[in-house]
>>> print(open('work17.cif').read())   # mmCIF, C-alpha atoms
data_my_file
#
loop_
_atom_site.label_atom_id
_atom_site.label_comp_id
_atom_site.auth_asym_id
_atom_site.auth_seq_id
_atom_site.Cartn_x
_atom_site.Cartn_y
_atom_site.Cartn_z
CA MET A 1 153.90 80.35 -19.05
CA SER A 2 152.18 78.84 -16.02
CA ILE A 3 151.94 80.13 -12.46
CA PRO A 4 152.85 77.64 -9.71
CA LEU A 5 150.48 76.92 -6.86
CA ASN A 6 150.72 79.20 -3.87
CA PRO A 7 153.39 77.78 -1.54
CA GLN A 8 152.02 79.86 1.35
CA MET A 9 148.28 79.63 1.50
CA SER A 10 148.27 82.46 4.07
CA THR A 11 149.59 84.81 1.35
CA ILE A 12 146.98 86.42 -0.89
CA ARG A 13 148.24 86.27 -4.47
CA ILE A 14 146.95 89.07 -6.67
CA GLY A 15 147.23 88.85 -10.44
CA GLN A 16 148.65 91.93 -12.13
CA ILE A 17 148.30 92.80 -15.81
CA ASP A 18 150.74 95.34 -17.21
CA TYR A 19 148.51 96.55 -20.05
CA THR A 20 147.95 100.30 -19.93
CA ASN A 21 144.18 99.85 -19.73
CA VAL A 22 144.45 98.62 -16.12
CA TRP A 23 147.12 101.06 -14.97
CA PRO A 24 144.75 103.44 -13.17
CA ILE A 25 143.71 100.73 -10.71
CA PHE A 26 147.25 99.46 -10.11
CA TYR A 27 149.28 102.67 -10.47
CA HIS A 28 148.95 103.88 -6.88
CA PHE A 29 148.27 100.48 -5.31
CA LYS A 30 150.78 99.74 -2.55
CA PRO A 31 150.50 96.18 -1.16
CA GLU A 32 152.26 97.13 2.07
CA GLN A 33 149.58 99.71 2.84
CA THR A 34 146.92 97.00 3.01
CA LEU A 35 148.59 95.53 6.12
CA SER A 36 147.82 92.14 4.58
CA PRO A 37 150.05 89.29 3.34
CA VAL A 38 149.97 90.16 -0.37
CA GLU A 39 152.03 89.03 -3.34
CA LEU A 40 151.61 90.58 -6.79
CA VAL A 41 151.95 88.09 -9.66
CA PRO A 42 152.39 89.74 -13.09
CA ALA A 43 151.30 87.91 -16.25
CA ILE A 44 149.35 88.40 -19.46
CA PRO A 45 145.53 88.17 -19.22
CA SER A 46 145.20 84.63 -20.61
CA THR A 47 147.75 83.32 -18.09
CA LEU A 48 146.04 85.06 -15.17
CA ASN A 49 142.65 83.77 -16.29
CA LYS A 50 143.98 80.21 -16.16
CA ALA A 51 145.77 80.76 -12.85
CA MET A 52 142.62 82.13 -11.21
CA MET A 53 140.63 79.16 -12.48
CA GLU A 54 143.21 76.72 -11.12
CA GLY A 55 143.46 78.53 -7.78
CA SER A 56 147.11 79.58 -7.99
CA ILE A 57 145.92 83.22 -7.98
CA ASP A 58 143.42 84.34 -5.34
CA MET A 59 142.12 87.62 -6.74
CA GLY A 60 142.68 90.34 -9.30
CA PRO A 61 141.66 91.36 -12.81
CA ILE A 62 140.47 88.64 -15.16
CA SER A 63 138.75 88.83 -18.51
CA ALA A 64 134.98 89.15 -18.28
CA PHE A 65 134.62 85.95 -20.31
CA ALA A 66 136.87 84.05 -17.88
CA TYR A 67 134.53 85.09 -15.08
CA GLY A 68 131.60 83.74 -17.07
CA ILE A 69 133.26 80.36 -17.59
CA SER A 70 133.91 79.83 -13.85
CA SER A 71 131.43 82.24 -12.29
CA GLU A 72 130.44 79.77 -9.57
CA ASP A 73 133.97 80.04 -8.11
CA TYR A 74 134.22 83.84 -7.99
CA VAL A 75 132.80 86.98 -6.43
CA LEU A 76 133.11 90.30 -8.28
CA PHE A 77 134.00 93.67 -6.79
CA PRO A 78 131.31 96.31 -7.44
CA ASP A 79 133.51 99.33 -8.22
CA LEU A 80 136.38 97.88 -10.27
CA SER A 81 136.45 96.96 -13.96
CA VAL A 82 137.75 98.00 -17.33
CA SER A 83 134.69 99.18 -19.24
CA ALA A 84 133.74 101.54 -22.04
CA TYR A 85 130.60 103.20 -23.31
CA GLY A 86 131.68 103.19 -26.92
CA ALA A 87 135.21 103.22 -28.28
CA VAL A 88 137.83 101.57 -26.10
CA ASN A 89 140.78 102.39 -28.43
CA SER A 90 142.73 99.22 -27.64
CA ILE A 91 140.50 96.40 -28.90
CA LEU A 92 140.74 96.83 -32.63
CA LEU A 93 139.83 94.92 -35.76
CA PHE A 94 142.17 95.53 -38.70
CA LEU A 95 140.72 94.77 -42.16
CA ASN A 96 142.24 94.58 -45.61
CA LYS A 97 138.81 94.45 -47.23
CA PRO A 98 135.30 95.68 -46.32
CA LEU A 99 133.87 94.18 -43.14
CA ILE A 100 131.05 92.27 -44.84
CA GLU A 101 133.54 90.61 -47.19
CA ALA A 102 135.98 89.84 -44.38
CA LEU A 103 133.20 88.19 -42.39
CA GLN A 104 132.83 85.66 -45.20
CA GLY A 105 136.51 84.77 -44.99
CA THR A 106 139.11 84.21 -42.27
CA ILE A 107 139.70 86.23 -39.12
CA ALA A 108 143.01 86.02 -37.24
CA LEU A 109 142.47 86.27 -33.49
CA THR A 110 144.97 87.34 -30.89
CA THR A 111 145.82 84.72 -28.29
CA SER A 112 145.69 87.35 -25.51
CA SER A 113 142.02 87.85 -24.61
CA ALA A 114 138.99 85.57 -24.41
CA THR A 115 136.56 88.44 -23.81
CA SER A 116 137.45 90.31 -26.99
CA ILE A 117 137.58 87.15 -29.10
CA ASN A 118 134.10 86.14 -28.03
CA LEU A 119 132.80 89.69 -28.30
CA PHE A 120 133.83 89.62 -31.93
CA LYS A 121 132.15 86.25 -32.46
CA ILE A 122 128.95 87.60 -30.87
CA ILE A 123 128.95 90.69 -33.08
CA ALA A 124 129.75 88.67 -36.20
CA GLU A 125 127.01 86.11 -35.70
CA LYS A 126 124.31 88.05 -33.82
CA ARG A 127 124.59 91.34 -35.68
CA TYR A 128 125.74 90.24 -39.12
CA GLY A 129 124.64 86.59 -39.27
CA ALA A 130 128.20 85.63 -40.23
CA GLN A 131 130.30 82.64 -39.25
CA PRO A 132 133.80 83.28 -40.58
CA SER A 133 136.71 80.91 -40.16
CA TYR A 134 139.01 81.69 -37.25
CA ILE A 135 142.71 81.13 -36.66
CA SER A 136 144.60 81.95 -33.46
CA MET A 137 147.96 83.67 -33.87
CA ASP A 138 150.51 85.62 -31.89
CA PRO A 139 149.74 89.38 -31.93
CA GLN A 140 151.89 90.40 -34.92
CA LEU A 141 149.63 92.28 -37.31
CA ASP A 142 151.42 91.91 -40.64
CA ARG A 143 151.95 88.19 -40.13
CA MET A 144 148.31 87.79 -39.11
CA MET A 145 147.17 89.61 -42.25
CA GLU A 146 149.24 87.31 -44.45
CA ASN A 147 146.92 84.51 -43.35
CA ALA A 148 143.56 86.25 -42.92
CA ASP A 149 141.15 88.90 -44.18
CA ALA A 150 141.07 90.68 -40.82
CA ALA A 151 142.94 90.56 -37.52
CA LEU A 152 141.85 91.28 -33.96
CA LEU A 153 144.39 92.82 -31.58
CA ILE A 154 143.99 94.02 -28.01
CA GLY A 155 145.85 96.11 -25.46
CA ASP A 156 149.21 97.68 -26.21
CA HIS A 157 149.66 95.45 -29.28
CA ALA A 158 146.54 97.03 -30.76
CA ILE A 159 147.66 100.54 -29.86
CA ARG A 160 151.08 100.15 -31.47
CA ALA A 161 149.57 98.57 -34.58
CA TYR A 162 147.12 101.48 -34.81
CA TRP A 163 149.97 104.00 -34.69
CA ALA A 164 151.86 102.12 -37.38
CA ASN A 165 148.74 101.98 -39.55
CA GLU A 166 148.33 105.75 -39.23
CA GLN A 167 151.61 106.07 -41.11
CA HIS A 168 150.81 103.82 -44.08
CA GLY A 169 147.00 103.54 -43.97
CA ARG A 170 147.11 99.95 -45.17
CA TYR A 171 144.17 98.68 -43.14
CA GLN A 172 140.71 99.85 -42.15
CA VAL A 173 140.38 99.86 -38.36
CA LEU A 174 137.20 99.22 -36.35
CA ASP A 175 136.84 99.53 -32.58
CA LEU A 176 134.96 96.60 -31.00
CA GLY A 177 133.73 98.74 -28.11
CA GLN A 178 132.21 101.16 -30.59
CA MET A 179 130.71 98.32 -32.65
CA TRP A 180 129.07 96.84 -29.54
CA HIS A 181 127.70 100.19 -28.39
CA GLU A 182 126.32 101.15 -31.81
CA TRP A 183 124.56 97.80 -32.02
CA THR A 184 123.23 97.37 -28.46
CA GLY A 185 123.37 100.83 -26.88
CA HIS A 186 125.04 99.23 -23.84
CA TRP A 187 128.31 99.48 -21.99
CA MET A 188 130.90 96.77 -22.53
CA THR A 189 133.03 95.46 -19.69
CA PHE A 190 136.25 93.83 -20.80
CA ALA A 191 137.86 92.97 -17.47
CA VAL A 192 136.46 92.49 -13.98
CA TRP A 193 138.11 92.33 -10.56
CA ALA A 194 137.30 88.99 -8.96
CA VAL A 195 138.19 87.00 -5.87
CA ARG A 196 137.96 83.26 -5.45
CA LYS A 197 135.24 82.38 -2.95
CA GLN A 198 137.67 80.20 -1.05
CA ALA A 199 140.02 83.16 -0.51
CA LEU A 200 137.13 85.36 0.55
CA VAL A 201 136.13 82.85 3.22
CA SER A 202 139.73 82.53 4.44
CA HIS A 203 140.65 86.24 4.40
CA PRO A 204 137.49 88.40 4.61
CA SER A 205 139.12 91.34 6.42
CA ASP A 206 142.21 91.29 4.24
CA ILE A 207 140.11 91.21 1.07
CA GLY A 208 138.17 94.23 2.30
CA ARG A 209 141.35 96.23 2.87
CA ILE A 210 142.75 95.22 -0.51
CA VAL A 211 139.58 96.30 -2.30
CA GLU A 212 139.73 99.66 -0.50
CA ALA A 213 143.35 100.10 -1.58
CA PHE A 214 142.47 99.38 -5.22
CA GLU A 215 139.60 101.85 -5.00
CA ARG A 216 141.91 104.54 -3.59
CA SER A 217 144.37 103.94 -6.40
CA LYS A 218 141.57 104.23 -8.97
CA GLN A 219 140.27 107.48 -7.54
CA LYS A 220 143.74 109.00 -7.30
CA SER A 221 144.46 108.07 -10.92
CA ILE A 222 141.15 109.48 -12.15
CA HIS A 223 141.69 112.71 -10.22
CA ASN A 224 145.07 113.24 -11.87
CA THR A 225 145.95 111.25 -15.00
CA ASP A 226 149.18 113.18 -15.68
CA PRO A 227 151.50 110.59 -14.03
CA LEU A 228 149.90 107.77 -16.04
CA ILE A 229 150.14 109.77 -19.25
CA GLN A 230 153.82 110.57 -18.73
CA THR A 231 154.61 106.94 -17.91
CA ALA A 232 152.71 105.72 -20.98
CA VAL A 233 154.59 108.10 -23.28
CA GLN A 234 157.92 106.94 -21.84
CA ARG A 235 157.20 103.22 -21.79
CA VAL A 236 154.86 102.66 -24.74
CA GLY A 237 155.32 105.73 -26.94
CA GLY A 238 152.76 108.00 -28.55
CA THR A 239 151.75 111.49 -27.53
CA GLU A 240 150.29 113.01 -24.40
CA LYS A 241 147.19 113.91 -26.43
CA PHE A 242 146.62 110.27 -27.40
CA TRP A 243 146.97 108.97 -23.86
CA ARG A 244 144.80 111.69 -22.34
CA HIS A 245 142.03 110.74 -24.76
CA TYR A 246 142.66 107.04 -24.15
CA PHE A 247 142.35 107.14 -20.36
CA ALA A 248 139.36 109.52 -20.59
CA ASN A 249 137.45 107.00 -22.72
CA LEU A 250 137.90 104.13 -20.29
CA ASN A 251 135.76 103.63 -17.21
CA TYR A 252 136.82 101.73 -14.11
CA ASP A 253 133.50 101.45 -12.27
CA PHE A 254 131.31 98.38 -12.19
CA GLY A 255 127.88 99.70 -11.32
CA PRO A 256 124.39 98.84 -12.61
CA ARG A 257 124.97 100.15 -16.15
CA GLN A 258 128.20 98.23 -16.64
CA GLN A 259 126.61 95.14 -15.11
CA GLN A 260 123.63 95.34 -17.48
CA GLY A 261 125.92 95.45 -20.50
CA LEU A 262 127.91 92.49 -19.25
CA GLN A 263 124.74 90.48 -18.56
CA LEU A 264 123.71 91.03 -22.19
CA TYR A 265 127.13 89.87 -23.35
CA PHE A 266 126.76 86.69 -21.29
CA LYS A 267 123.23 86.15 -22.60
CA TYR A 268 124.47 86.22 -26.19
CA ALA A 269 127.48 84.06 -25.30
CA TYR A 270 125.14 81.42 -23.86
CA GLU A 271 122.81 81.55 -26.87
CA LEU A 272 125.77 80.95 -29.20
CA GLY A 273 127.15 78.11 -27.09
CA LEU A 274 130.28 80.03 -26.13
CA ILE A 275 129.37 79.49 -22.46
CA ASP A 276 127.46 76.40 -21.32
CA HIS A 277 125.39 78.00 -18.54
CA HIS A 278 123.47 81.15 -17.68
CA VAL A 279 125.82 83.52 -15.89
CA GLN A 280 124.69 85.46 -12.85
CA LEU A 281 126.86 88.25 -11.46
CA ASP A 282 127.79 87.58 -7.83
CA ILE A 283 128.77 90.98 -6.41
CA TRP A 284 130.91 91.41 -3.29
CA SER A 285 129.77 93.36 -0.26
CA GLU A 286 131.56 93.99 3.01
CA ASN A 287 129.56 91.27 4.71
CA LYS A 288 129.94 88.63 1.99
CA VAL A 289 131.95 85.62 2.98
CA GLY A 290 130.93 83.08 0.33
#
>>> encode(input="work17.cif", output="structure tokens")
Amino acid sequence: MSIPLNPQMSTIRIGQIDYTNVWPIFYHFKPEQTLSPVELVPAIPSTLNKAMMEGSIDMGPISAFAYGISSEDYVLFPDLSVSAYGAVNSILLFLNKPLIEALQGTIALTTSSATSINLFKIIAEKRYGAQPSYISMDPQLDRMMENADAALLIGDHAIRAYWANEQHGRYQVLDLGQMWHEWTGHWMTFAVWAVRKQALVSHPSDIGRIVEAFERSKQKSIHNTDPLIQTAVQRVGGTEKFWRHYFANLNYDFGPRQQQGLQLYFKYAYELGLIDHHVQLDIWSENKVG
């Protein structure tokens, strides 16, 4: 799937991911309340990453790694992210043998997220000194495991696979957020909210109102998670207890602690050649126009 170029450059196109981990920021977001020319464009993370890079999307959530690749084109919002200080519960490694053995074999990687894929590669090589073989596959766990010693899933695919595994206990499950935290002691940021610098120059006032609307949605969701929990049970499945724990473990800020963890991630990514330049975080302020 590709997203066509914006036919109306005066319209601000905002990428929208429908994974549950970003719901709190989008759940109460009403484009009409921004009084700005806004169009929401739904797609999976990898598609939105590409669309932002190409300029067919002006702003919205992208994977942290996608920001690193094209950081010179973007500005980040200071109070919006998907982060965790430990377990994230939706970025999961499924193993059919002990981790150390699996790291000597083949790992099947989801095609859905560059951040999580490269986080795993960083952990494998930096923490364990391992360089397994990798194959990219659609996020279907049993098929992935037919071809590999472990499989990485993210988002709702990971959650559903985790529930299924609770029934049969076929695979060991490790949480990449927990693995990162136990190793580094830092936060991990999986998605950031970014705006293309060109859009920020063209629509500074509109961007400010949109950011405020996202922040209001975030705060309203955090204050009362019950609507999100009920919607998740109805649309995805699971129990209220699971979703309450899930949303409580995620963090949607992007302050100094989250930024420090992400800078370390980018440092390791550069050292391993996953990114070809040192990444500096360019943070938006109300007076920033480029």
>>> atom_distance(input="work17.cif", atom1="CA of Asp18 (chain A)", atom2="CA of Phe214 (chain A)")
15.1 Å
>>> resolve_selection(input="work17.cif", expression="the PyMOL selection byres ((chain A and resi 219-234) around 12)", output="number ranges by chain")
A: 18-29, 79-80, 156, 159-160, 212-218, 235-253
>>> resolve_selection(input="work17.cif", expression="the PyMOL selection byres ((chain A and resi 65) around 10)", output="list in words")
Asn49, Ile62, Ser63, Ala64, Ala66, Tyr67, Gly68, Ile69, Ser70, Ser71, Ser113, Ala114, Thr115, Ser116, Ile117, Asn118, Leu119, Thr189, Phe190, Ala191, Val192, Leu262, Tyr265, Phe266, Ala269, Leu274 and Ile275 of chain A
>>> atom_distance(input="work17.cif", atom1="CA of Gly60 (chain A)", atom2="CA of Gln260 (chain A)")
21.3 Å
>>> residues_around(input="work17.cif", residues="Val195 (chain A)", least_positions_apart="2", cutoff="7 Å", atoms="only C-alpha atoms", output="mmCIF file with C-alpha atoms, in the frame of the given file")
data_model
loop_
_atom_site.group_PDB
_atom_site.id
_atom_site.type_symbol
_atom_site.label_atom_id
_atom_site.label_comp_id
_atom_site.auth_asym_id
_atom_site.auth_seq_id
_atom_site.Cartn_x
_atom_site.Cartn_y
_atom_site.Cartn_z
ATOM 1 C CA ASP A 58 143.420 84.340 -5.340
ATOM 2 C CA MET A 59 142.120 87.620 -6.740
ATOM 3 C CA GLY A 60 142.680 90.340 -9.300
ATOM 4 C CA TYR A 74 134.220 83.840 -7.990
ATOM 5 C CA VAL A 75 132.800 86.980 -6.430
ATOM 6 C CA LEU A 76 133.110 90.300 -8.280
ATOM 7 C CA LYS A 197 135.240 82.380 -2.950
ATOM 8 C CA ALA A 199 140.020 83.160 -0.510
ATOM 9 C CA LEU A 200 137.130 85.360 0.550
#
>>> closest_residue(input="work17.cif", among="A:Ala161, A:Ala194, A:Leu264, A:Val201", to="Asn89 (chain A)", atoms="all atoms listed in the file")
A:Ala161
>>> atom_distance(input="work17.cif", atom1="CA of Ile207 (chain A)", atom2="CA of Trp284 (chain A)")
10.2 Å
>>> residues_around(input="work17.cif", residues="Ala164 (chain A)", least_positions_apart="5", cutoff="12 Å", atoms="all atoms listed in the file", output="ChimeraX atom specification")
/A:94,140-142,157-159,169-171,173,237-238
>>> closest_residue(input="work17.cif", among="A:Asp175, A:Asp282, A:Asp206, A:Glu166", to="Ala151 (chain A)", atoms="all atoms listed in the file")
A:Asp175
>>> closest_residue(input="work17.cif", among="A:Ile107, A:Met179, A:Tyr85, A:Met53", to="Asp73 (chain A)", atoms="only C-alpha atoms")
A:Met53
>>> resolve_selection(input="work17.cif", expression="the PyMOL selection byres ((chain A and resi 16) around 9)", output="list of chain:residue names")
A:Ile14, A:Gly15, A:Ile17, A:Asp18, A:Val22, A:Phe26, A:Leu40, A:Val41, A:Pro42, A:Ala43, A:Ile44, A:Pro45, A:Leu48, A:Gly60, A:Pro61
>>> decode(input="work17.cif", residues="region 259-270 of chain A", atoms="N, CA, C and O atoms", output="PDB file, in the first residue's frame")
ATOM      1  N   GLN A 259      13.857  10.917  26.114  1.00  0.00           N
ATOM      2  CA  GLN A 259      14.810  11.368  25.107  1.00  0.00           C
ATOM      3  C   GLN A 259      16.193  10.763  25.335  1.00  0.00           C
ATOM      4  O   GLN A 259      16.886  10.391  24.382  1.00  0.00           O
ATOM      5  N   GLN A 260      16.615  10.628  26.583  1.00  0.00           N
ATOM      6  CA  GLN A 260      17.910  10.011  26.878  1.00  0.00           C
ATOM      7  C   GLN A 260      17.948   8.563  26.416  1.00  0.00           C
ATOM      8  O   GLN A 260      18.944   8.106  25.840  1.00  0.00           O
ATOM      9  N   GLY A 261      16.874   7.831  26.676  1.00  0.00           N
ATOM     10  CA  GLY A 261      16.826   6.440  26.233  1.00  0.00           C
ATOM     11  C   GLY A 261      16.879   6.319  24.721  1.00  0.00           C
ATOM     12  O   GLY A 261      17.560   5.449  24.174  1.00  0.00           O
ATOM     13  N   LEU A 262      16.168   7.214  24.040  1.00  0.00           N
ATOM     14  CA  LEU A 262      16.169   7.167  22.583  1.00  0.00           C
ATOM     15  C   LEU A 262      17.526   7.560  22.015  1.00  0.00           C
ATOM     16  O   LEU A 262      17.974   6.991  21.009  1.00  0.00           O
ATOM     17  N   GLN A 263      18.202   8.519  22.637  1.00  0.00           N
ATOM     18  CA  GLN A 263      19.545   8.887  22.176  1.00  0.00           C
ATOM     19  C   GLN A 263      20.503   7.704  22.289  1.00  0.00           C
ATOM     20  O   GLN A 263      21.341   7.492  21.414  1.00  0.00           O
ATOM     21  N   LEU A 264      20.374   6.911  23.357  1.00  0.00           N
ATOM     22  CA  LEU A 264      21.223   5.733  23.497  1.00  0.00           C
ATOM     23  C   LEU A 264      20.913   4.717  22.404  1.00  0.00           C
ATOM     24  O   LEU A 264      21.835   4.117  21.820  1.00  0.00           O
ATOM     25  N   TYR A 265      19.652   4.529  22.124  1.00  0.00           N
ATOM     26  CA  TYR A 265      19.240   3.631  21.031  1.00  0.00           C
ATOM     27  C   TYR A 265      19.879   4.067  19.718  1.00  0.00           C
ATOM     28  O   TYR A 265      20.437   3.249  18.973  1.00  0.00           O
ATOM     29  N   PHE A 266      19.829   5.361  19.433  1.00  0.00           N
ATOM     30  CA  PHE A 266      20.412   5.860  18.183  1.00  0.00           C
ATOM     31  C   PHE A 266      21.937   5.728  18.188  1.00  0.00           C
ATOM     32  O   PHE A 266      22.553   5.484  17.147  1.00  0.00           O
ATOM     33  N   LYS A 267      22.550   5.902  19.344  1.00  0.00           N
ATOM     34  CA  LYS A 267      24.003   5.732  19.445  1.00  0.00           C
ATOM     35  C   LYS A 267      24.396   4.302  19.060  1.00  0.00           C
ATOM     36  O   LYS A 267      25.316   4.088  18.252  1.00  0.00           O
ATOM     37  N   TYR A 268      23.701   3.325  19.617  1.00  0.00           N
ATOM     38  CA  TYR A 268      23.990   1.933  19.295  1.00  0.00           C
ATOM     39  C   TYR A 268      23.676   1.633  17.827  1.00  0.00           C
ATOM     40  O   TYR A 268      24.409   0.889  17.159  1.00  0.00           O
ATOM     41  N   ALA A 269      22.573   2.189  17.321  1.00  0.00           N
ATOM     42  CA  ALA A 269      22.209   1.960  15.926  1.00  0.00           C
ATOM     43  C   ALA A 269      23.301   2.478  14.995  1.00  0.00           C
ATOM     44  O   ALA A 269      23.646   1.833  13.984  1.00  0.00           O
ATOM     45  N   TYR A 270      23.877   3.624  15.322  1.00  0.00           N
ATOM     46  CA  TYR A 270      24.963   4.180  14.512  1.00  0.00           C
ATOM     47  C   TYR A 270      26.209   3.292  14.607  1.00  0.00           C
ATOM     48  O   TYR A 270      26.853   2.998  13.592  1.00  0.00           O
TER      49      TYR A 270
END
